Amino acid sequence: MNEVLASRELLANLTLREIRGQYKRTIFGQLWSLVNPLATMLVYTIVFAFILRVTPPPGNPSGLNIFAVWLLCGLLPWAFFANVVQQGMGSIISNAGLVQKVYFSRIVLPLSKVGSVGYNWLFEMGVLVVVLALCGSFVWPWIPIVIIVMVLLAIFAAGLSLMLSVANVHFRDTQYFVSILMQIWMYLTPIIYPISLVEDQSKAHGGLFGTSITILDIYRLNPLERFVAVFRQLLYDNTWPNPQDLLLCAIWAFAALTIGLWVFRKSEKGLAEAL
């Protein structure tokens, strides 16, 4: 972390470059960051709410019972996570010329993606908060805790992007493999369907292979399941998150960052030659 603090000015400049260049010469500018989550929400709402008739439980105690809003409360954290990982993974390769010509702490490249994606997330989350308030959710007191959980998710995503950015330099197939993995990961996370569906299947099948381990036990090993649950508890339900979920989010975040930093530092010196 000392390297990051020493390179904080470079990190800030790279982040600003990403933000300014993303929607350069577009008419609508930053508004484009809202198009993808809103379009995705519309498609999933039509398919799952109106065609498949998926009905998540109403918010407790908020009383909200709007599928599109429930969906956005899980979709926006997932989109932030997926964008940080995928953009951070390709950050070293996309700056190959800079890495080969100038010496600097390479760790700022994947970390700058956290800042630029987070900047877009602020606009998306701002819209969601306004929508929640208009729908009658008393969301304002929970915003500070939402920010803390978002920081944990950013740490978790940053740790993974550090590892994958190194792997992508040495094995270019990594970006394609991760792209497929992200699609699978999303459907294995209760974003577009409630976890109650998994609980029902788990009860129906009982223990696996004659043990007490159930489908739900394996399913909940997914770190994003915990993060999505906490976000929905705060934003949609307007209640304190489950302490166990919050603790596991923190454990996953700092474990990923610790491993990511170790992998990156071990491989950083050979990145220019590998490119």
# chains A, B, ... in the order shown; residues from 1 in each chain; ligands from 1
call {"tool": "residues_around", "arguments": {"residues": "A:Phe254", "least_positions_apart": "5", "cutoff": "12 Å", "atoms": "only C-alpha atoms", "output": "number ranges by chain"}}
result
A: 151-160, 247-249, 259-261
call {"tool": "residues_around", "arguments": {"residues": "A:Phe81", "least_positions_apart": "3", "cutoff": "12 Å", "atoms": "only C-alpha atoms", "output": "MDAnalysis selection string"}}
result
chainID A and resid 74:78 84:88 113:114 117:118 121 150:161 182 185:186 223:224 227:228 253
call {"tool": "write_last_selection", "arguments": {"atoms": "N, CA and C atoms", "output": "mmCIF file, in the first residue's frame"}}
result
data_model
loop_
_atom_site.group_PDB
_atom_site.id
_atom_site.type_symbol
_atom_site.label_atom_id
_atom_site.label_comp_id
_atom_site.auth_asym_id
_atom_site.auth_seq_id
_atom_site.Cartn_x
_atom_site.Cartn_y
_atom_site.Cartn_z
ATOM 1 N N GLY A 74 -29.895 -5.021 -6.856
ATOM 2 C CA GLY A 74 -28.889 -6.076 -6.997
ATOM 3 C C GLY A 74 -28.056 -5.915 -8.245
ATOM 4 N N LEU A 75 -28.650 -5.330 -9.283
ATOM 5 C CA LEU A 75 -27.967 -5.215 -10.571
ATOM 6 C C LEU A 75 -26.837 -4.199 -10.552
ATOM 7 N N LEU A 76 -27.046 -3.072 -9.883
ATOM 8 C CA LEU A 76 -26.015 -2.025 -9.876
ATOM 9 C C LEU A 76 -24.738 -2.455 -9.155
ATOM 10 N N PRO A 77 -24.806 -3.092 -7.978
ATOM 11 C CA PRO A 77 -23.559 -3.590 -7.371
ATOM 12 C C PRO A 77 -22.857 -4.618 -8.249
ATOM 13 N N TRP A 78 -23.646 -5.501 -8.884
ATOM 14 C CA TRP A 78 -23.036 -6.507 -9.765
ATOM 15 C C TRP A 78 -22.339 -5.833 -10.945
ATOM 16 N N VAL A 84 -15.307 -3.353 -12.934
ATOM 17 C CA VAL A 84 -13.984 -3.173 -12.329
ATOM 18 C C VAL A 84 -13.081 -4.358 -12.672
ATOM 19 N N VAL A 85 -13.592 -5.568 -12.539
ATOM 20 C CA VAL A 85 -12.796 -6.762 -12.802
ATOM 21 C C VAL A 85 -12.391 -6.833 -14.265
ATOM 22 N N GLN A 86 -13.336 -6.641 -15.177
ATOM 23 C CA GLN A 86 -13.035 -6.807 -16.597
ATOM 24 C C GLN A 86 -12.170 -5.675 -17.142
ATOM 25 N N GLN A 87 -12.433 -4.447 -16.725
ATOM 26 C CA GLN A 87 -11.594 -3.344 -17.189
ATOM 27 C C GLN A 87 -10.216 -3.376 -16.533
ATOM 28 N N GLY A 88 -10.175 -3.697 -15.247
ATOM 29 C CA GLY A 88 -8.894 -3.792 -14.556
ATOM 30 C C GLY A 88 -8.029 -4.909 -15.110
ATOM 31 N N LYS A 113 -8.996 1.905 -12.652
ATOM 32 C CA LYS A 113 -10.300 1.460 -13.156
ATOM 33 C C LYS A 113 -11.351 1.472 -12.044
ATOM 34 N N VAL A 114 -10.912 1.213 -10.820
ATOM 35 C CA VAL A 114 -11.845 1.254 -9.685
ATOM 36 C C VAL A 114 -12.423 2.659 -9.553
ATOM 37 N N VAL A 117 -14.762 3.544 -12.793
ATOM 38 C CA VAL A 117 -16.033 2.820 -12.733
ATOM 39 C C VAL A 117 -16.862 3.330 -11.555
ATOM 40 N N GLY A 118 -16.194 3.597 -10.431
ATOM 41 C CA GLY A 118 -16.890 4.122 -9.261
ATOM 42 C C GLY A 118 -17.517 5.477 -9.527
ATOM 43 N N TRP A 121 -20.638 4.792 -11.243
ATOM 44 C CA TRP A 121 -21.570 4.165 -10.302
ATOM 45 C C TRP A 121 -22.289 5.202 -9.443
ATOM 46 N N MET A 150 -20.087 -0.492 -0.253
ATOM 47 C CA MET A 150 -19.561 -0.292 -1.599
ATOM 48 C C MET A 150 -18.038 -0.263 -1.602
ATOM 49 N N VAL A 151 -17.450 0.311 -0.564
ATOM 50 C CA VAL A 151 -15.988 0.317 -0.437
ATOM 51 C C VAL A 151 -15.471 -1.119 -0.307
ATOM 52 N N LEU A 152 -16.166 -1.934 0.474
ATOM 53 C CA LEU A 152 -15.777 -3.342 0.607
ATOM 54 C C LEU A 152 -15.865 -4.061 -0.735
ATOM 55 N N LEU A 153 -16.927 -3.785 -1.499
ATOM 56 C CA LEU A 153 -17.069 -4.412 -2.813
ATOM 57 C C LEU A 153 -15.969 -3.935 -3.756
ATOM 58 N N ALA A 154 -15.613 -2.656 -3.663
ATOM 59 C CA ALA A 154 -14.527 -2.125 -4.495
ATOM 60 C C ALA A 154 -13.199 -2.786 -4.143
ATOM 61 N N ILE A 155 -12.955 -3.020 -2.863
ATOM 62 C CA ILE A 155 -11.724 -3.697 -2.425
ATOM 63 C C ILE A 155 -11.693 -5.125 -2.959
ATOM 64 N N PHE A 156 -12.828 -5.813 -2.868
ATOM 65 C CA PHE A 156 -12.915 -7.185 -3.372
ATOM 66 C C PHE A 156 -12.658 -7.233 -4.879
ATOM 67 N N ALA A 157 -13.306 -6.325 -5.622
ATOM 68 C CA ALA A 157 -13.124 -6.282 -7.073
ATOM 69 C C ALA A 157 -11.689 -5.906 -7.447
ATOM 70 N N ALA A 158 -11.098 -4.974 -6.686
ATOM 71 C CA ALA A 158 -9.718 -4.561 -6.957
ATOM 72 C C ALA A 158 -8.749 -5.717 -6.757
ATOM 73 N N GLY A 159 -8.962 -6.496 -5.691
ATOM 74 C CA GLY A 159 -8.098 -7.654 -5.453
ATOM 75 C C GLY A 159 -8.139 -8.643 -6.594
ATOM 76 N N LEU A 160 -9.335 -8.935 -7.109
ATOM 77 C CA LEU A 160 -9.460 -9.863 -8.233
ATOM 78 C C LEU A 160 -8.838 -9.278 -9.502
ATOM 79 N N SER A 161 -9.047 -7.973 -9.738
ATOM 80 C CA SER A 161 -8.506 -7.362 -10.957
ATOM 81 C C SER A 161 -6.982 -7.335 -10.943
ATOM 82 N N MET A 182 -17.983 -14.570 -16.061
ATOM 83 C CA MET A 182 -18.820 -13.510 -15.507
ATOM 84 C C MET A 182 -20.294 -13.733 -15.836
ATOM 85 N N TRP A 185 -21.366 -16.489 -13.560
ATOM 86 C CA TRP A 185 -21.369 -15.999 -12.180
ATOM 87 C C TRP A 185 -22.622 -15.170 -11.897
ATOM 88 N N MET A 186 -23.020 -14.369 -12.869
ATOM 89 C CA MET A 186 -24.198 -13.536 -12.658
ATOM 90 C C MET A 186 -25.442 -14.382 -12.425
ATOM 91 N N PRO A 223 -19.325 -15.163 -3.047
ATOM 92 C CA PRO A 223 -19.181 -13.887 -2.328
ATOM 93 C C PRO A 223 -20.204 -12.843 -2.750
ATOM 94 N N LEU A 224 -20.556 -12.821 -4.041
ATOM 95 C CA LEU A 224 -21.491 -11.801 -4.518
ATOM 96 C C LEU A 224 -22.899 -12.018 -3.977
ATOM 97 N N PHE A 227 -22.891 -9.897 -0.893
ATOM 98 C CA PHE A 227 -22.900 -8.469 -1.193
ATOM 99 C C PHE A 227 -24.276 -8.017 -1.675
ATOM 100 N N VAL A 228 -24.873 -8.774 -2.590
ATOM 101 C CA VAL A 228 -26.195 -8.422 -3.110
ATOM 102 C C VAL A 228 -27.232 -8.435 -1.988
ATOM 103 N N ALA A 253 -13.432 -9.341 1.027
ATOM 104 C CA ALA A 253 -12.788 -8.155 0.465
ATOM 105 C C ALA A 253 -11.306 -8.107 0.805
#
call {"tool": "residues_around", "arguments": {"residues": "stretch 30-44 of chain A", "least_positions_apart": "6", "cutoff": "12 Å", "atoms": "only C-alpha atoms", "output": "ChimeraX atom specification"}}
result
/A:19-24,50-54,67-80,83,116-128,191-193
call {"tool": "residues_around", "arguments": {"residues": "A:Pro57", "least_positions_apart": "2", "cutoff": "9 Å", "atoms": "only C-alpha atoms", "output": "PyMOL selection string"}}
result
chain A and resi 55+59-60+65+194+196
call {"tool": "write_last_selection", "arguments": {"atoms": "N, CA, C and O atoms", "output": "PDB file, in the first residue's frame"}}
result
ATOM      1  N   THR A  55     -41.646 -13.544  -8.482  1.00  0.00           N
ATOM      2  CA  THR A  55     -42.133 -12.557  -7.503  1.00  0.00           C
ATOM      3  C   THR A  55     -41.272 -12.575  -6.244  1.00  0.00           C
ATOM      4  O   THR A  55     -41.438 -13.435  -5.383  1.00  0.00           O
ATOM      5  N   GLY A  59     -40.341  -5.744   0.386  1.00  0.00           N
ATOM      6  CA  GLY A  59     -39.341  -5.241   1.307  1.00  0.00           C
ATOM      7  C   GLY A  59     -39.870  -5.211   2.725  1.00  0.00           C
ATOM      8  O   GLY A  59     -41.008  -4.811   2.955  1.00  0.00           O
ATOM      9  N   ASN A  60     -39.041  -5.627   3.653  1.00  0.00           N
ATOM     10  CA  ASN A  60     -39.461  -5.695   5.053  1.00  0.00           C
ATOM     11  C   ASN A  60     -38.447  -4.931   5.914  1.00  0.00           C
ATOM     12  O   ASN A  60     -37.299  -5.343   6.020  1.00  0.00           O
ATOM     13  N   ASN A  65     -42.778  -3.267  -3.214  1.00  0.00           N
ATOM     14  CA  ASN A  65     -43.091  -4.490  -3.955  1.00  0.00           C
ATOM     15  C   ASN A  65     -43.071  -4.181  -5.449  1.00  0.00           C
ATOM     16  O   ASN A  65     -44.046  -4.358  -6.159  1.00  0.00           O
ATOM     17  N   PRO A 194     -35.106 -14.315  -6.717  1.00  0.00           N
ATOM     18  CA  PRO A 194     -34.893 -14.307  -5.261  1.00  0.00           C
ATOM     19  C   PRO A 194     -34.221 -15.591  -4.792  1.00  0.00           C
ATOM     20  O   PRO A 194     -34.403 -16.657  -5.397  1.00  0.00           O
ATOM     21  N   SER A 196     -34.989 -17.310  -2.434  1.00  0.00           N
ATOM     22  CA  SER A 196     -36.008 -18.251  -1.944  1.00  0.00           C
ATOM     23  C   SER A 196     -36.213 -19.408  -2.920  1.00  0.00           C
ATOM     24  O   SER A 196     -36.551 -20.519  -2.504  1.00  0.00           O
TER      25      SER A 196
END
call {"tool": "closest_residue", "arguments": {"among": "A:Trp252, A:Phe264, A:Tyr236, A:Trp140", "to": "A:Ile92", "atoms": "only C-alpha atoms"}}
result
A:Phe264
call {"tool": "closest_residue", "arguments": {"among": "A:Leu162, A:Val198, A:Met89, A:Ala256", "to": "A:Phe177", "atoms": "only C-alpha atoms"}}
result
A:Met89
call {"tool": "atom_distance", "arguments": {"atom1": "atom CA of A:Phe231", "atom2": "atom CA of A:Gly115"}}
result
20.0 Å
call {"tool": "select_by_dssp", "arguments": {"residues": "stretch 59-270 of chain A", "states": "alpha helix (DSSP H)", "output": "PyMOL selection string"}}
result
chain A and resi 67-89+91-94+96-101+108-134+143-170+174-187+196-205+215-219+223-235+243-267
